[in-house]
>>> print(open('entry-v2.cif').read())   # mmCIF, C-alpha atoms
data_input
#
loop_
_atom_site.label_atom_id
_atom_site.label_comp_id
_atom_site.auth_asym_id
_atom_site.auth_seq_id
_atom_site.Cartn_x
_atom_site.Cartn_y
_atom_site.Cartn_z
CA MET J 1 1.50 38.11 43.38
CA VAL J 2 -0.90 41.00 42.87
CA ASN J 3 -0.14 44.28 44.54
CA ILE J 4 -3.58 45.29 45.80
CA ARG J 5 -2.47 48.84 46.53
CA ARG J 6 -1.99 49.39 42.80
CA LEU J 7 -5.47 48.31 41.73
CA PRO J 8 -7.65 51.17 40.53
CA ARG J 9 -10.34 52.45 42.81
CA PRO J 10 -13.95 51.94 41.77
CA VAL J 11 -15.30 54.66 39.55
CA ALA J 12 -18.36 55.44 41.65
CA GLU J 13 -19.69 58.21 39.40
CA ALA J 14 -20.01 55.74 36.54
CA TRP J 15 -22.45 53.66 38.61
CA GLU J 16 -24.07 56.32 40.77
CA TRP J 17 -27.10 56.40 38.47
CA GLN J 18 -28.12 52.93 39.65
CA ARG J 19 -28.78 54.24 43.15
CA LEU J 20 -31.18 56.83 41.73
CA GLY J 21 -33.26 54.50 39.55
CA ALA J 22 -37.04 54.46 39.98
CA CYS J 23 -36.77 50.66 39.93
CA ARG J 24 -34.55 50.57 43.00
CA GLY J 25 -36.28 48.40 45.57
CA SER J 26 -38.91 47.21 43.07
CA ASP J 27 -39.70 43.56 42.48
CA SER J 28 -37.25 42.39 39.80
CA THR J 29 -39.86 40.08 38.25
CA VAL J 30 -41.43 43.19 36.72
CA PHE J 31 -38.27 43.71 34.65
CA PHE J 32 -37.16 40.14 33.97
CA GLN J 33 -39.18 37.42 32.26
CA PRO J 34 -40.13 34.47 34.46
CA ASP J 35 -39.66 31.03 32.92
CA GLY J 36 -42.49 30.12 30.59
CA GLU J 37 -44.05 33.59 30.42
CA ARG J 38 -45.67 34.36 27.06
CA GLY J 39 -48.32 36.40 25.32
CA THR J 40 -50.48 38.85 27.19
CA SER J 41 -48.81 38.11 30.54
CA ARG J 42 -45.48 39.17 29.12
CA ASP J 43 -47.01 42.22 27.41
CA ARG J 44 -48.61 43.38 30.69
CA ARG J 45 -45.40 42.86 32.68
CA GLU J 46 -43.33 44.75 30.10
CA ALA J 47 -45.89 47.57 30.05
CA ARG J 48 -45.60 47.89 33.87
CA ALA J 49 -41.80 47.95 33.63
CA LYS J 50 -41.86 50.53 30.85
CA ALA J 51 -44.27 52.72 32.83
CA LEU J 52 -41.83 52.74 35.74
CA CYS J 53 -38.94 53.48 33.37
CA GLY J 54 -40.95 56.29 31.81
CA ARG J 55 -40.83 58.31 35.01
CA CYS J 56 -37.27 57.37 35.97
CA PRO J 57 -34.74 60.21 36.31
CA VAL J 58 -31.84 58.03 35.13
CA ARG J 59 -33.48 56.37 32.15
CA PRO J 60 -30.88 57.82 29.70
CA GLU J 61 -28.03 56.28 31.72
CA CYS J 62 -29.82 52.96 32.14
CA ALA J 63 -30.58 52.60 28.42
CA ALA J 64 -27.00 53.55 27.48
CA HIS J 65 -25.62 51.01 29.95
CA ALA J 66 -27.83 48.21 28.60
CA LEU J 67 -26.87 48.99 25.01
CA ALA J 68 -23.16 49.46 25.70
CA THR J 69 -22.90 46.19 27.64
CA ARG J 70 -25.30 44.38 25.30
CA GLU J 71 -27.46 43.41 28.27
CA PRO J 72 -29.30 40.29 27.04
CA TYR J 73 -32.15 40.12 29.57
CA GLY J 74 -34.88 42.29 30.99
CA VAL J 75 -36.29 45.74 30.47
CA TRP J 76 -33.59 48.40 30.83
CA GLY J 77 -34.15 52.09 30.24
CA GLY J 78 -37.65 51.30 29.00
CA PHE J 79 -36.49 48.95 26.23
CA THR J 80 -37.07 45.19 26.05
CA GLU J 81 -34.52 42.60 24.94
CA GLY J 82 -35.95 42.55 21.43
CA GLU J 83 -36.04 46.34 21.16
CA ARG J 84 -32.42 46.59 22.28
CA LEU J 85 -31.38 44.03 19.66
CA ARG J 86 -33.07 46.14 16.99
CA LEU J 87 -31.36 49.28 18.32
CA LEU J 88 -27.99 47.54 18.32
CA ALA J 89 -28.55 46.53 14.70
CA ALA J 90 -29.73 50.01 13.69
CA GLY J 91 -26.97 51.78 15.62
CA TRP J 92 -27.34 53.91 18.72
CA GLU J 93 -23.88 55.34 19.45
CA ASP J 94 -24.54 58.57 17.55
CA LEU J 95 -27.38 59.29 20.00
CA ALA J 96 -25.15 58.91 23.06
CA ASP J 97 -22.81 61.31 24.79
CA ARG J 98 -19.07 61.10 24.17
CA ARG J 99 -18.50 58.52 26.93
CA ARG J 100 -21.64 56.57 25.98
CA THR J 101 -23.03 56.90 29.49
CA ARG J 102 -26.23 58.74 28.47
CA VAL J 103 -28.43 58.44 25.43
CA ASP J 104 -31.15 60.65 23.96
CA ILE J 105 -34.27 58.62 24.81
CA ALA J 106 -36.65 60.43 22.46
CA ARG J 107 -34.37 60.02 19.46
CA LEU J 108 -33.64 56.41 20.43
CA ALA J 109 -37.37 55.63 20.57
CA ALA J 110 -37.84 57.38 17.21
CA ARG J 111 -35.12 55.21 15.70
CA LEU J 112 -36.86 52.14 17.07
CA HIS J 113 -40.23 53.21 15.66
CA PRO J 114 -39.57 55.26 12.54
CA ARG J 115 -42.60 57.04 11.24
CA ALA J 116 -44.18 55.16 8.41
CA PRO J 117 -44.75 57.17 5.27
CA VAL J 118 -48.19 58.69 5.33
CA ALA J 119 -50.39 57.51 2.51
CA LEU J 120 -52.26 60.48 1.12
CA PRO J 121 -55.81 59.87 0.01
CA ARG J 122 -56.19 59.55 -3.72
CA PRO J 123 -58.25 62.27 -5.33
CA ARG J 124 -61.72 61.05 -6.06
CA ALA J 125 -62.71 60.88 -9.68
CA PRO J 126 -65.93 62.70 -10.47
CA ARG J 127 -68.92 60.41 -10.48
CA PRO J 128 -69.96 59.48 -13.97
CA GLU J 129 -73.15 61.21 -14.93
CA ARG J 130 -76.15 59.10 -15.44
CA ALA J 131 -77.64 59.44 -18.88
CA ALA J 132 -81.00 60.55 -17.48
CA ASP J 133 -79.39 63.37 -15.44
CA ALA J 134 -77.39 64.56 -18.45
CA GLY J 135 -80.48 64.53 -20.64
CA ARG J 136 -82.49 66.51 -18.09
CA ARG J 137 -79.78 69.16 -17.71
CA PHE J 138 -79.50 69.44 -21.48
CA ALA J 139 -83.22 69.94 -21.81
CA GLU J 140 -83.22 72.57 -19.01
CA SER J 141 -80.39 74.48 -20.63
CA ARG J 142 -82.28 74.75 -23.92
CA GLY J 143 -85.16 76.35 -22.25
#
>>> encode(input="entry-v2.cif", output="structure tokens")
Amino acid sequence: MVNIRRLPRPVAEAWEWQRLGACRGSDSTVFFQPDGERGTSRDRREARAKALCGRCPVRPECAAHALATREPYGVWGGFTEGERLRLLAAGWEDLADRRRTRVDIARLAARLHPRAPVALPRPRAPRPERAADAGRRFAESRG
């Protein structure tokens, strides 16, 4: 028989961030894909969710939670399922605090979208002189 008095109390501070989320009270269909959704509909829905996440005060906690628990569905902390899979593969723990309850959003986004090397323009070769132009300049130089 379990002694209920010995069970640990909930760690409220670990979940307090959820009460402060900008998404609190929002329609969950903005964050979670309805059955059969594809293409531009999905892109628009994810863009709306990410816009809300972008102004959320607890986005670092939300993203860390989704990555730490390997949340398989929805937009969390401004990252889609596919983006979180890529972050899990690339590694994210070094961008989190010691307890992995907050993550550096800017550095996480940079890891997701590393800057592509910039291709510098090749120097242009001088245009070959036309024979007529060269002949004219030669004649002018001789006086």
>>> axis_aligned_box(input="entry-v2.cif", around="segment 52-57 of chain J", padding_each_side="8 Å", output="lines of an AutoDock Vina configuration file")
center_x = -38.3
center_y = 56.5
center_z = 34.1
size_x = 23.1
size_y = 23.5
size_z = 20.5
>>> residues_around(input="entry-v2.cif", residues="Ala68 of chain J", least_positions_apart="4", cutoff="9 Å", atoms="all atoms listed in the file", output="NGL selection string")
:J and (63-64 or 93 or 100-101)
>>> residues_around(input="entry-v2.cif", residues="Ala51 of chain J", least_positions_apart="2", cutoff="12 Å", atoms="only C-alpha atoms", output="MDAnalysis selection string")
chainID J and resid 22:23 30:31 44:49 53:56 59 75:79
>>> write_last_selection(input="entry-v2.cif", atoms="C-alpha atoms", output="PDB file, in the coordinates of the input")
ATOM      1  CA  ALA J  22     -37.040  54.460  39.980  1.00  0.00           C
ATOM      2  CA  CYS J  23     -36.770  50.660  39.930  1.00  0.00           C
ATOM      3  CA  VAL J  30     -41.430  43.190  36.720  1.00  0.00           C
ATOM      4  CA  PHE J  31     -38.270  43.710  34.650  1.00  0.00           C
ATOM      5  CA  ARG J  44     -48.610  43.380  30.690  1.00  0.00           C
ATOM      6  CA  ARG J  45     -45.400  42.860  32.680  1.00  0.00           C
ATOM      7  CA  GLU J  46     -43.330  44.750  30.100  1.00  0.00           C
ATOM      8  CA  ALA J  47     -45.890  47.570  30.050  1.00  0.00           C
ATOM      9  CA  ARG J  48     -45.600  47.890  33.870  1.00  0.00           C
ATOM     10  CA  ALA J  49     -41.800  47.950  33.630  1.00  0.00           C
ATOM     11  CA  CYS J  53     -38.940  53.480  33.370  1.00  0.00           C
ATOM     12  CA  GLY J  54     -40.950  56.290  31.810  1.00  0.00           C
ATOM     13  CA  ARG J  55     -40.830  58.310  35.010  1.00  0.00           C
ATOM     14  CA  CYS J  56     -37.270  57.370  35.970  1.00  0.00           C
ATOM     15  CA  ARG J  59     -33.480  56.370  32.150  1.00  0.00           C
ATOM     16  CA  VAL J  75     -36.290  45.740  30.470  1.00  0.00           C
ATOM     17  CA  TRP J  76     -33.590  48.400  30.830  1.00  0.00           C
ATOM     18  CA  GLY J  77     -34.150  52.090  30.240  1.00  0.00           C
ATOM     19  CA  GLY J  78     -37.650  51.300  29.000  1.00  0.00           C
ATOM     20  CA  PHE J  79     -36.490  48.950  26.230  1.00  0.00           C
TER      21      PHE J  79
END
>>> residues_near_point(input="entry-v2.cif", point="(-31.8, 57.0, 37.2)", cutoff="7 Å", atoms="all atoms listed in the file", output="PyMOL selection string")
chain J and resi 17-18+20-22+56-59+61-62
>>> atom_distance(input="entry-v2.cif", atom1="atom CA of Leu85 of chain J", atom2="atom CA of His113 of chain J")
13.4 Å
>>> atom_distance(input="entry-v2.cif", atom1="atom CA of Arg102 of chain J", atom2="atom CA of Arg84 of chain J")
15.0 Å
